[in-house]
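Q: What follows is the file start04.cif, containing mmCIF, C-alpha atoms:
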```cif
data_entry
loop_
_atom_site.label_atom_id
_atom_site.label_comp_id
_atom_site.auth_asym_id
_atom_site.auth_seq_id
_atom_site.Cartn_x
_atom_site.Cartn_y
_atom_site.Cartn_z
CA ARG A 1 19.42 16.99 -34.25
CA ALA A 2 20.94 14.60 -36.77
CA GLY A 3 21.97 11.02 -36.17
CA ARG A 4 20.91 8.08 -34.07
CA GLU A 5 21.02 7.97 -30.30
CA ILE A 6 20.70 4.92 -28.03
CA ARG A 7 20.81 5.22 -24.25
CA TYR A 8 20.44 2.54 -21.61
CA ARG A 9 20.77 2.11 -17.87
CA ALA A 10 20.61 -1.18 -15.98
CA TYR A 11 20.54 -1.35 -12.20
CA LEU A 12 19.50 -3.33 -9.13
CA ASN A 13 17.04 -2.23 -6.44
CA ALA A 14 17.98 -3.43 -2.95
CA ASN A 15 16.65 -2.79 0.55
CA SER A 16 19.07 -2.63 3.45
CA GLU A 17 16.70 -4.54 5.76
CA ASN A 18 16.83 -7.64 3.55
CA LEU A 19 20.11 -7.31 1.69
CA THR A 20 20.41 -10.78 0.18
CA LEU A 21 20.41 -12.27 -3.29
CA GLY A 22 18.36 -15.20 -2.04
CA LYS A 23 14.65 -15.47 -1.38
CA VAL A 24 12.98 -14.23 1.79
CA PRO A 25 9.54 -15.05 3.27
CA TRP A 26 6.75 -12.82 2.00
CA GLY A 27 3.24 -13.70 3.10
CA ASN A 28 2.87 -17.41 2.44
CA LYS A 29 5.49 -17.38 -0.32
CA SER A 30 9.18 -16.67 -0.78
CA LYS A 31 10.49 -14.10 -3.24
CA ARG A 32 13.74 -12.44 -4.21
CA VAL A 33 14.02 -8.90 -2.86
CA VAL A 34 17.05 -7.64 -4.82
CA ARG A 35 15.38 -6.86 -8.11
CA PRO A 36 16.49 -5.55 -11.51
CA GLY A 37 15.56 -2.40 -13.40
CA LEU A 38 16.18 -1.18 -16.94
CA GLU A 39 15.80 2.08 -18.85
CA LEU A 40 16.26 2.06 -22.63
CA SER A 41 15.68 4.82 -25.21
CA TYR A 42 16.18 5.06 -28.98
CA ALA A 43 15.92 8.16 -31.17
CA ASP A 44 16.60 8.66 -34.87
CA VAL A 45 15.79 10.97 -37.79
CA PHE A 46 14.81 10.07 -41.37
CA LEU A 47 13.89 11.64 -44.72
CA ASP A 48 16.72 14.15 -44.64
CA GLY A 49 15.79 15.34 -41.19
CA ARG A 50 12.08 15.80 -41.93
CA ALA A 51 10.94 12.84 -39.79
CA GLY A 52 11.96 11.62 -36.38
CA VAL A 53 11.13 8.82 -33.97
CA ALA A 54 11.75 8.34 -30.24
CA LEU A 55 11.12 5.04 -28.42
CA SER A 56 11.50 4.34 -24.72
CA LEU A 57 11.25 1.34 -22.44
CA LEU A 58 11.24 1.38 -18.64
CA THR A 59 10.93 -1.55 -16.25
CA SER A 60 11.29 -1.23 -12.48
CA HIS A 61 10.92 -3.84 -9.73
CA GLN A 62 11.17 -2.72 -6.14
CA PHE A 63 10.83 -4.20 -2.64
CA ASN A 64 10.09 -2.17 0.50
CA GLU A 65 9.99 -3.53 4.03
CA GLN A 66 7.48 -1.00 5.47
CA HIS A 67 7.92 -1.20 9.23
CA ARG A 68 5.70 1.25 11.10
CA SER A 69 4.47 1.68 14.66
CA ARG A 70 1.57 3.56 16.19
CA LEU A 71 1.11 4.78 19.74
CA ASN A 72 -2.38 5.41 21.12
CA TRP A 73 -2.35 7.93 23.93
CA ASP A 74 -5.06 8.72 26.47
CA PHE A 75 -5.13 12.17 28.06
CA ARG A 76 -7.81 11.50 30.64
CA GLU A 77 -7.27 11.27 34.37
CA PHE A 78 -7.13 7.57 35.07
CA ALA A 79 -7.59 7.65 38.84
CA ARG A 80 -8.42 10.25 41.42
CA THR A 81 -5.13 9.49 43.14
CA VAL A 82 -3.23 10.97 40.18
CA PRO A 83 -2.68 14.64 41.11
CA ASP A 84 -1.27 15.80 37.76
CA PRO A 85 -2.76 13.78 34.88
CA ILE A 86 -0.37 13.30 31.95
CA PRO A 87 -0.69 11.49 28.62
CA ILE A 88 -0.53 7.73 29.09
CA LEU A 89 0.26 5.18 26.42
CA ARG A 90 -2.80 2.96 26.22
CA ARG A 91 -2.01 0.81 23.16
CA TYR A 92 1.13 0.04 21.19
CA ASN A 93 0.83 -1.18 17.61
CA ILE A 94 3.44 -2.40 15.12
CA LEU A 95 2.96 -3.01 11.41
CA ASP A 96 4.97 -5.33 9.21
CA GLY A 97 4.06 -4.62 5.60
CA PRO A 98 6.49 -6.00 3.01
CA LYS A 99 5.58 -4.67 -0.43
CA PHE A 100 6.57 -5.42 -4.02
CA THR A 101 6.00 -2.85 -6.73
CA ASP A 102 6.44 -3.62 -10.42
CA ARG A 103 6.19 -0.93 -13.12
CA ASN A 104 6.66 -1.16 -16.88
CA ALA A 105 6.31 1.57 -19.49
CA LEU A 106 6.62 1.59 -23.28
CA GLY A 107 6.48 4.90 -25.16
CA ALA A 108 6.75 6.06 -28.78
CA ARG A 109 6.62 9.43 -30.52
CA PHE A 110 6.74 10.25 -34.23
CA ASP A 111 7.21 13.71 -35.76
CA VAL A 112 6.92 14.55 -39.48
CA ARG A 113 7.63 17.99 -40.92
CA LEU A 114 5.08 18.41 -43.69
CA SER A 115 6.58 21.76 -44.65
CA GLU A 116 8.98 24.30 -43.22
CA GLN A 117 6.14 25.65 -41.11
CA THR A 118 3.92 22.62 -40.45
CA THR A 119 4.58 19.58 -38.25
CA LEU A 120 2.45 16.50 -37.58
CA SER A 121 3.09 14.59 -34.32
CA ALA A 122 1.71 11.35 -32.91
CA GLY A 123 2.61 9.55 -29.73
CA GLY A 124 1.51 7.01 -27.20
CA GLN A 125 2.49 5.35 -23.96
CA PHE A 126 1.44 2.09 -22.33
CA ASN A 127 2.09 1.47 -18.64
CA THR A 128 1.51 -1.51 -16.37
CA TYR A 129 1.56 -1.48 -12.58
CA ALA A 130 1.37 -4.15 -9.90
CA GLY A 131 1.53 -3.47 -6.18
CA ARG A 132 1.40 -6.41 -3.81
CA TYR A 133 1.68 -5.92 -0.07
CA ARG A 134 1.06 -7.92 3.09
CA ASN A 135 0.20 -5.49 5.89
CA GLN A 136 0.09 -7.20 9.29
CA ASN A 137 -0.63 -5.38 12.56
CA VAL A 138 -0.15 -6.58 16.13
CA GLU A 139 -1.40 -4.40 18.98
CA TRP A 140 -0.90 -4.75 22.73
CA ASP A 141 -3.87 -3.11 24.47
CA THR A 142 -3.73 -2.45 28.22
CA LYS A 143 -7.46 -1.63 28.24
CA SER A 144 -6.54 1.29 30.49
CA ASP A 145 -9.80 3.00 29.58
CA GLU A 146 -11.53 0.45 31.79
CA ARG A 147 -11.16 1.26 35.47
CA ALA A 148 -11.24 -2.26 36.86
CA ASP A 149 -11.61 -5.89 35.93
CA ALA A 150 -14.42 -8.17 37.08
CA SER A 151 -12.57 -9.08 40.27
CA GLY A 152 -12.00 -5.47 41.21
CA GLY A 153 -8.37 -5.29 40.11
CA THR A 154 -7.17 -1.99 38.70
CA PHE A 155 -4.52 -0.91 36.29
CA THR A 156 -1.27 0.66 37.45
CA VAL A 157 -0.09 3.91 35.91
CA SER A 158 2.77 6.38 36.26
CA GLY A 159 4.62 8.85 34.07
CA ASP A 160 6.14 6.26 31.74
CA PHE A 161 4.52 3.03 32.90
CA VAL A 162 1.06 1.51 32.50
CA GLN A 163 -0.04 -2.01 33.41
CA SER A 164 -3.34 -3.68 32.70
CA PRO A 165 -5.35 -5.42 35.41
CA ILE A 166 -4.82 -9.16 35.67
CA GLY A 167 -6.97 -10.61 32.91
CA GLY A 168 -7.62 -7.13 31.58
CA GLY A 169 -5.26 -6.90 28.61
CA ILE A 170 -5.86 -8.04 25.05
CA ILE A 171 -3.71 -8.62 21.96
CA HIS A 172 -5.29 -7.59 18.65
CA PHE A 173 -4.33 -8.70 15.21
CA TRP A 174 -5.63 -7.21 11.98
CA GLY A 175 -4.22 -6.54 8.60
CA GLN A 176 -4.63 -6.27 4.85
CA TRP A 177 -3.20 -8.42 2.13
CA ARG A 178 -3.70 -6.78 -1.21
CA ASP A 179 -2.81 -7.46 -4.82
CA LYS A 180 -3.48 -4.46 -7.03
CA SER A 181 -2.67 -4.18 -10.73
CA GLY A 182 -3.60 -2.01 -13.66
CA GLU A 183 -2.76 -0.65 -17.07
CA THR A 184 -2.82 2.83 -18.61
CA PHE A 185 -2.77 3.78 -22.26
CA HIS A 186 -2.45 7.32 -23.58
CA GLY A 187 -2.34 8.36 -27.22
CA ASP A 188 -2.34 11.80 -28.85
CA LEU A 189 -2.21 13.39 -32.31
CA SER A 190 -1.39 17.03 -33.07
CA LEU A 191 -0.86 19.35 -36.04
CA ARG A 192 1.06 22.63 -35.71
CA HIS A 193 1.59 25.40 -38.22
CA PHE A 194 3.65 28.54 -37.59
CA GLY A 195 3.31 31.06 -40.41
CA THR A 196 4.05 34.72 -40.57
CA GLN A 197 0.36 35.63 -40.80
CA LEU A 198 -1.36 32.51 -39.45
CA GLU A 199 -0.63 30.10 -36.59
CA PHE A 200 -2.71 27.16 -35.54
CA LYS A 201 -2.36 24.21 -33.18
CA THR A 202 -4.92 21.43 -33.06
CA GLY A 203 -4.95 17.95 -31.62
CA ALA A 204 -6.81 15.17 -29.86
CA PHE A 205 -6.02 12.59 -27.20
CA PHE A 206 -7.40 9.37 -25.73
CA SER A 207 -6.51 7.85 -22.36
CA ARG A 208 -7.73 4.76 -20.56
CA SER A 209 -6.66 3.38 -17.18
CA THR A 210 -7.79 0.23 -15.42
CA ASN A 211 -7.29 -0.85 -11.79
CA ARG A 212 -7.99 -4.27 -10.37
CA TYR A 213 -7.98 -5.56 -6.80
CA GLU A 214 -7.49 -9.29 -6.98
CA ASN A 215 -7.45 -10.55 -3.41
CA LEU A 216 -10.17 -13.17 -3.19
CA ARG A 217 -9.54 -14.11 -6.81
CA HIS A 218 -5.97 -14.90 -5.77
CA GLY A 219 -7.19 -17.06 -2.90
CA PHE A 220 -6.94 -14.83 0.18
CA PHE A 221 -8.94 -12.24 2.10
CA ASP A 222 -8.24 -8.52 1.91
CA TYR A 223 -9.02 -8.00 5.60
CA LEU A 224 -8.67 -10.16 8.71
CA LYS A 225 -9.20 -9.48 12.39
CA MET A 226 -8.36 -11.71 15.37
CA ASN A 227 -7.73 -11.09 19.07
CA ARG A 228 -6.56 -12.86 22.20
CA PRO A 229 -7.84 -11.89 25.69
CA LEU A 230 -5.04 -12.48 28.17
CA PRO A 231 -5.42 -14.16 31.58
CA GLY A 232 -2.27 -12.30 32.66
CA GLN A 233 -1.13 -8.70 32.19
CA ILE A 234 0.28 -6.33 29.58
CA THR A 235 2.80 -3.71 30.67
CA LEU A 236 3.95 -0.77 28.53
CA SER A 237 6.91 1.20 29.85
CA ASP A 238 9.73 3.60 28.97
CA PHE A 239 7.53 5.92 26.89
CA SER A 240 8.11 9.31 28.54
CA VAL A 241 6.36 12.10 26.64
CA GLY A 242 8.85 14.10 24.64
CA LYS A 243 11.48 11.40 24.76
CA GLU A 244 13.48 11.17 21.55
CA ASP A 245 12.71 8.12 19.39
CA VAL A 246 10.04 6.97 21.83
CA ARG A 247 8.62 4.52 19.26
CA ASP A 248 11.85 2.54 19.24
CA THR A 249 12.24 2.45 23.03
CA VAL A 250 8.76 1.39 24.21
CA GLN A 251 9.08 -1.75 26.31
CA VAL A 252 6.26 -4.30 26.04
CA THR A 253 5.97 -7.04 28.67
CA VAL A 254 3.32 -9.76 28.65
CA THR A 255 2.98 -12.08 31.66
CA ASP A 256 0.76 -14.97 32.71
CA GLU A 257 -1.43 -15.04 35.84
CA ALA A 258 1.60 -15.82 38.00
CA GLY A 259 3.60 -12.91 36.64
CA SER A 260 5.98 -14.96 34.51
CA PRO A 261 6.92 -13.39 31.14
CA LEU A 262 5.39 -15.03 28.08
CA PRO A 263 7.68 -15.73 25.11
CA HIS A 264 7.45 -13.51 22.01
CA LEU A 265 5.28 -11.04 23.94
CA GLY A 266 2.37 -13.49 24.07
CA VAL A 267 2.44 -14.28 20.35
CA PRO A 268 4.78 -17.30 19.91
CA ASP A 269 1.97 -18.86 17.86
CA LEU A 270 -1.79 -18.28 17.51
CA THR A 271 -2.88 -20.23 20.57
CA GLY A 272 -5.82 -18.46 22.23
CA PHE A 273 -6.56 -16.15 19.31
CA ARG A 274 -10.18 -15.82 18.24
CA LEU A 275 -11.33 -15.22 14.69
CA ARG A 276 -13.50 -12.08 14.57
CA GLU A 277 -13.91 -10.67 11.05
CA VAL A 278 -12.86 -11.30 7.49
CA GLY A 279 -13.51 -9.28 4.39
CA TYR A 280 -12.68 -8.10 0.94
CA GLY A 281 -14.02 -4.63 1.48
CA ASN A 282 -11.75 -2.85 -0.98
CA GLU A 283 -11.94 -5.25 -3.88
CA ASN A 284 -13.05 -2.82 -6.58
CA ASP A 285 -12.44 -2.85 -10.31
CA ASN A 286 -12.56 0.51 -12.04
CA THR A 287 -11.85 1.94 -15.47
CA ASP A 288 -11.34 5.61 -16.32
CA THR A 289 -11.60 6.82 -19.91
CA PHE A 290 -10.61 10.31 -21.08
CA LEU A 291 -11.25 11.76 -24.52
CA GLY A 292 -10.39 15.28 -25.60
CA ALA A 293 -9.62 17.67 -28.45
CA HIS A 294 -8.41 21.24 -28.77
CA GLY A 295 -7.76 23.89 -31.40
CA ASP A 296 -6.11 27.32 -31.35
CA LEU A 297 -5.96 29.81 -34.21
CA THR A 298 -4.01 33.08 -34.23
CA SER A 299 -4.01 35.65 -37.04
CA HIS A 300 -1.34 38.32 -37.26
CA LEU A 301 -2.61 41.49 -38.96
CA LEU A 302 -1.61 45.07 -39.59
CA MET A 303 -4.22 47.66 -38.76
CA ALA A 304 -3.34 51.30 -39.36
CA GLY A 305 0.26 50.29 -39.48
CA LEU A 306 0.09 48.58 -36.08
CA PRO A 307 0.58 44.81 -35.55
CA VAL A 308 -2.55 43.14 -34.19
CA SER A 309 -3.01 39.48 -33.21
CA VAL A 310 -6.45 37.87 -32.98
CA SER A 311 -6.79 34.46 -31.30
CA SER A 312 -9.62 31.99 -30.94
CA GLY A 313 -9.87 28.37 -29.88
CA PHE A 314 -11.86 25.54 -28.34
CA ARG A 315 -11.41 22.83 -25.74
CA PHE A 316 -13.35 19.60 -25.36
CA GLN A 317 -12.86 16.87 -22.77
CA ARG A 318 -14.93 13.94 -21.63
CA GLN A 319 -14.34 11.59 -18.70
CA ARG A 320 -16.11 8.38 -17.83
CA ARG A 321 -15.57 6.09 -14.84
CA ASP A 322 -16.89 2.55 -14.48
CA CYS A 323 -16.47 1.08 -11.00
CA THR A 324 -17.65 -2.26 -9.67
CA ASP A 325 -17.81 -2.64 -5.88
CA VAL A 326 -18.06 -6.17 -4.58
CA GLY A 327 -16.86 -5.42 -1.04
CA ARG A 328 -18.11 -7.24 2.00
CA ARG A 329 -17.18 -7.62 5.67
CA LEU A 330 -18.15 -10.87 7.36
CA GLU A 331 -18.33 -11.50 11.10
CA TYR A 332 -17.40 -14.92 12.39
CA VAL A 333 -20.46 -16.32 14.22
CA GLY A 334 -19.28 -19.87 14.76
CA SER A 335 -17.76 -21.35 17.90
CA THR A 336 -14.09 -21.33 18.86
CA ASP A 337 -14.44 -25.13 18.92
CA ASP A 338 -14.90 -25.13 15.13
CA TYR A 339 -11.24 -24.37 14.42
CA ASP A 340 -7.74 -24.55 15.83
CA PRO A 341 -6.22 -21.05 15.49
CA ASN A 342 -2.80 -22.57 14.85
CA ASP A 343 -4.22 -24.04 11.65
CA PHE A 344 -4.14 -20.42 10.41
CA TRP A 345 -0.54 -19.82 11.52
CA LEU A 346 1.76 -18.38 8.87
CA GLN A 347 4.71 -20.46 10.00
CA GLU A 348 6.82 -19.64 6.92
CA TYR A 349 7.06 -16.02 8.12
CA PHE A 350 7.79 -16.70 11.79
CA GLY A 351 11.21 -15.44 12.83
CA GLU A 352 11.25 -12.37 10.60
CA GLU A 353 12.42 -9.21 12.35
CA THR A 354 9.66 -6.77 13.33
CA GLY A 355 11.80 -3.71 12.60
CA TRP A 356 11.81 -2.46 16.23
CA SER A 357 14.67 -3.27 18.57
CA THR A 358 12.42 -3.89 21.59
CA ILE A 359 9.93 -6.19 19.80
CA PRO A 360 10.97 -9.80 19.09
CA PRO A 361 9.56 -11.81 16.19
CA VAL A 362 5.85 -12.63 16.57
CA ALA A 363 3.42 -14.99 14.86
CA PHE A 364 1.05 -13.88 12.10
CA PRO A 365 -1.98 -15.63 10.52
CA ASP A 366 -2.14 -16.74 6.89
CA PHE A 367 -4.97 -14.93 5.08
CA ALA A 368 -5.12 -17.70 2.48
CA LYS A 369 -5.66 -20.41 5.11
CA VAL A 370 -8.52 -18.39 6.62
CA ALA A 371 -10.02 -17.99 3.13
CA ASP A 372 -9.85 -21.77 2.70
CA PHE A 373 -11.61 -22.20 6.04
CA PHE A 374 -14.34 -19.80 4.87
CA GLY A 375 -14.72 -21.72 1.61
CA GLN A 376 -15.30 -24.95 3.54
CA ASN A 377 -17.53 -23.37 6.23
CA PRO A 378 -19.42 -20.38 4.77
CA GLU A 379 -22.30 -20.94 7.20
CA LEU A 380 -20.03 -19.87 10.08
CA PHE A 381 -19.70 -16.32 8.68
#
```
Before we go any further, please render this structure as structure tokens.

A:
Amino acid sequence: RAGREIRYRAYLNANSENLTLGKVPWGNKSKRVVRPGLELSYADVFLDGRAGVALSLLTSHQFNEQHRSRLNWDFREFARTVPDPIPILRRYNILDGPKFTDRNALGARFDVRLSEQTTLSAGGQFNTYAGRYRNQNVEWDTKSDERADASGGTFTVSGDFVQSPIGGGIIHFWGQWRDKSGETFHGDLSLRHFGTQLEFKTGAFFSRSTNRYENLRHGFFDYLKMNRPLPGQITLSDFSVGKEDVRDTVQVTVTDEAGSPLPHLGVPDLTGFRLREVGYGNENDNTDTFLGAHGDLTSHLLMAGLPVSVSSGFRFQRQRRDCTDVGRRLEYVGSTDDYDPNDFWLQEYFGEETGWSTIPPVAFPDFAKVADFFGQNPELF
């Protein structure tokens, strides 16, 4: 091909769940969720068509809401009075996991025709990646695997209804905040010759990729677990087996000892929640290095008037991985009197939609505030 070519494409990435040009809460910060992207390429030939170059640039910035739910079923017979045991929904879990992904790539390739039959090529690409997400789970547990509470109360169960004993339900919170980033470089060199009697292709490559998990270094824990035992009851209903879109129709009701509904399904703030575990169990740094070379030789001969091709070649590849694991899970061993759980409340995020029509906004903890608490009181972990 002769001549110069320039191509470009500019665009915006938007998510229908947060379709705004302004900033929205994300963890303990606010960020814009409508984000730009760009693709740019340049190609040209030189030296009377004997040399060519191709350059490319790609940058992409994307936001995803990541709303998921999980239903935990129990297939056991819960009471002898149930004549035909059926699956019962024991726990209902929702996840709110807003995620930002940033990718950038820069590539270059050069080709030089040394002769009509021989070409030398060299190329490389450098990529960067950053994925940052704030996964937060809330689970309403009826504890329906336990037959009775301390006072002898029992759970209530039917085909699409289960209710914990008074004082028998519990709300769990756990989640992962993670900042992951990395770079990849790949370079290669090749020489090709296509003759009437001799063909050969030889080349070498080098590749190196690095991943980093930067949670505690960025001031927050990777993992956090809290729970709140309820003096009242948890009721899960409208979950008939086989019902279409059952995940979006499950009704959760949380009441106090007197049977009055609690606001925001028992999670209007973090009152009553107990700190259980913290950790940075997946904070690993690793580097992968690849090195390789290859060569292929083909001779075209005539033997007794018949064309014969003889080929030979070699392959070499080496891989090395360096991985540093500094993971740790820590159990909280202090007293509940040593902290006010609302000091950990992520108030900036309160009010955000959960993604499910039957679940109102709930409170979440701030992993950075818990990390600060750990830094001031390491003896409690």

Q: With a distance cut-off of 8 Å and all atoms listed in the file, select the neighbouring residues of Phe200 in chain A, excluding the residue or stretch itself and same-chain residues fewer than 5 positions from it, and output the selection as a list in words.

A: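 In the requested format, the answer is Arg192, His193, Phe194, Gly295, Asp296, Leu297 and Thr298 of chain A.
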
Q: Taking all atoms listed in the file into account, which of A:Gly305, A:Pro365, A:Gly219, A:Pro25 comes nearest Asp269 in chain A?

A: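 That would be A:Pro365, the residue with the smallest distance to Asp269 in chain A.
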
Q: Neighbouring residues of range 123-125 of chain A were defined as those with any atom within 8 Å, considering only C-alpha atoms; residues of the same chain fewer than 5 positions away were excluded. Please report them as a ChimeraX atom specification.

A: /A:105-110,184-189

Q: For this file, the PyMOL selection byres ((chain A and resi 112) around 12) selects which residues, as a list in words?

A: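 The output of the PyMOL selection byres ((chain A and resi 112) around 12) on this file is Val45, Phe46, Leu47, Asp48, Gly49, Arg50, Ala51, Gly52, Val53, Arg109, Phe110, Asp111, Arg113, Leu114, Ser115, Glu116, Gln117, Thr118, Thr119, Leu120, Ser121, Ala122, Gly123, Leu189, Ser190, Leu191 and Arg192 of chain A.
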
Q: Between A:Ser69, A:Gln319, A:Asn227, A:Ser312, which has the minimum distance to Ser209 in chain A (counting all atoms listed in the file)?

A: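 Of A:Ser69, A:Gln319, A:Asn227, A:Ser312, the one nearest Ser209 in chain A is A:Gln319, counting all atoms listed in the file.
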
Q: Evaluate the PyMOL selection byres ((chain A and resi 213) around 7) here and jot the selected residues down as a ChimeraX atom specification.

A: /A:179-181,211-212,214-215,283-285

Q: Going by the chain IDs and residue numbers used in this file, which residues fall under the PyMOL selection byres ((chain A and resi 334-351) around 9)? Write them as number ranges by chain.

A: A: 24-30, 268-275, 332-333, 352-354, 360-370, 373, 379-381

Q: Just want the 10 Å neighbourhood of Asn104 in chain A, counted on all atoms listed in the file, with same-chain residues fewer than 4 positions away dropped. Output as a ChimeraX atom specification.

A: /A:37-39,57-61,126-130,183

Q: Would you output that residue set with C-alpha atoms, as an mmCIF file, in the frame of the given file?

A:
```cif
data_model
loop_
_atom_site.group_PDB
_atom_site.id
_atom_site.type_symbol
_atom_site.label_atom_id
_atom_site.label_comp_id
_atom_site.auth_asym_id
_atom_site.auth_seq_id
_atom_site.Cartn_x
_atom_site.Cartn_y
_atom_site.Cartn_z
ATOM 1 C CA GLY A 37 15.560 -2.400 -13.400
ATOM 2 C CA LEU A 38 16.180 -1.180 -16.940
ATOM 3 C CA GLU A 39 15.800 2.080 -18.850
ATOM 4 C CA LEU A 57 11.250 1.340 -22.440
ATOM 5 C CA LEU A 58 11.240 1.380 -18.640
ATOM 6 C CA THR A 59 10.930 -1.550 -16.250
ATOM 7 C CA SER A 60 11.290 -1.230 -12.480
ATOM 8 C CA HIS A 61 10.920 -3.840 -9.730
ATOM 9 C CA PHE A 126 1.440 2.090 -22.330
ATOM 10 C CA ASN A 127 2.090 1.470 -18.640
ATOM 11 C CA THR A 128 1.510 -1.510 -16.370
ATOM 12 C CA TYR A 129 1.560 -1.480 -12.580
ATOM 13 C CA ALA A 130 1.370 -4.150 -9.900
ATOM 14 C CA GLU A 183 -2.760 -0.650 -17.070
#
```

Q: Of the residues A:Val278, A:Leu198, A:Ile359, A:Ile170, which is the one nearest to Leu301 in chain A, using all atoms listed in the file?

A: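 Result for the nearest residue to Leu301 in chain A: A:Leu198.
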
Q: Between A:Gly313, A:Pro307, A:Gly259, A:Pro98, which is the closest to Ile166 in chain A once you count only C-alpha atoms?

A: A:Gly259

Q: Between A:Val310, A:Ala304, A:Val254, A:Ala43, which one has atoms that come closest to Gln197 in chain A, using only C-alpha atoms?

A: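 Ranking A:Val310, A:Ala304, A:Val254, A:Ala43 by distance to Gln197 in chain A, first place goes to A:Val310.
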
Q: Using all atoms listed in the file, find the one residue out of A:Arg320, A:Arg132, A:His294, A:His300 that sits nearest to His218 in chain A.

A: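 Of A:Arg320, A:Arg132, A:His294, A:His300, the one nearest His218 in chain A, counting all atoms listed in the file, is A:Arg132.
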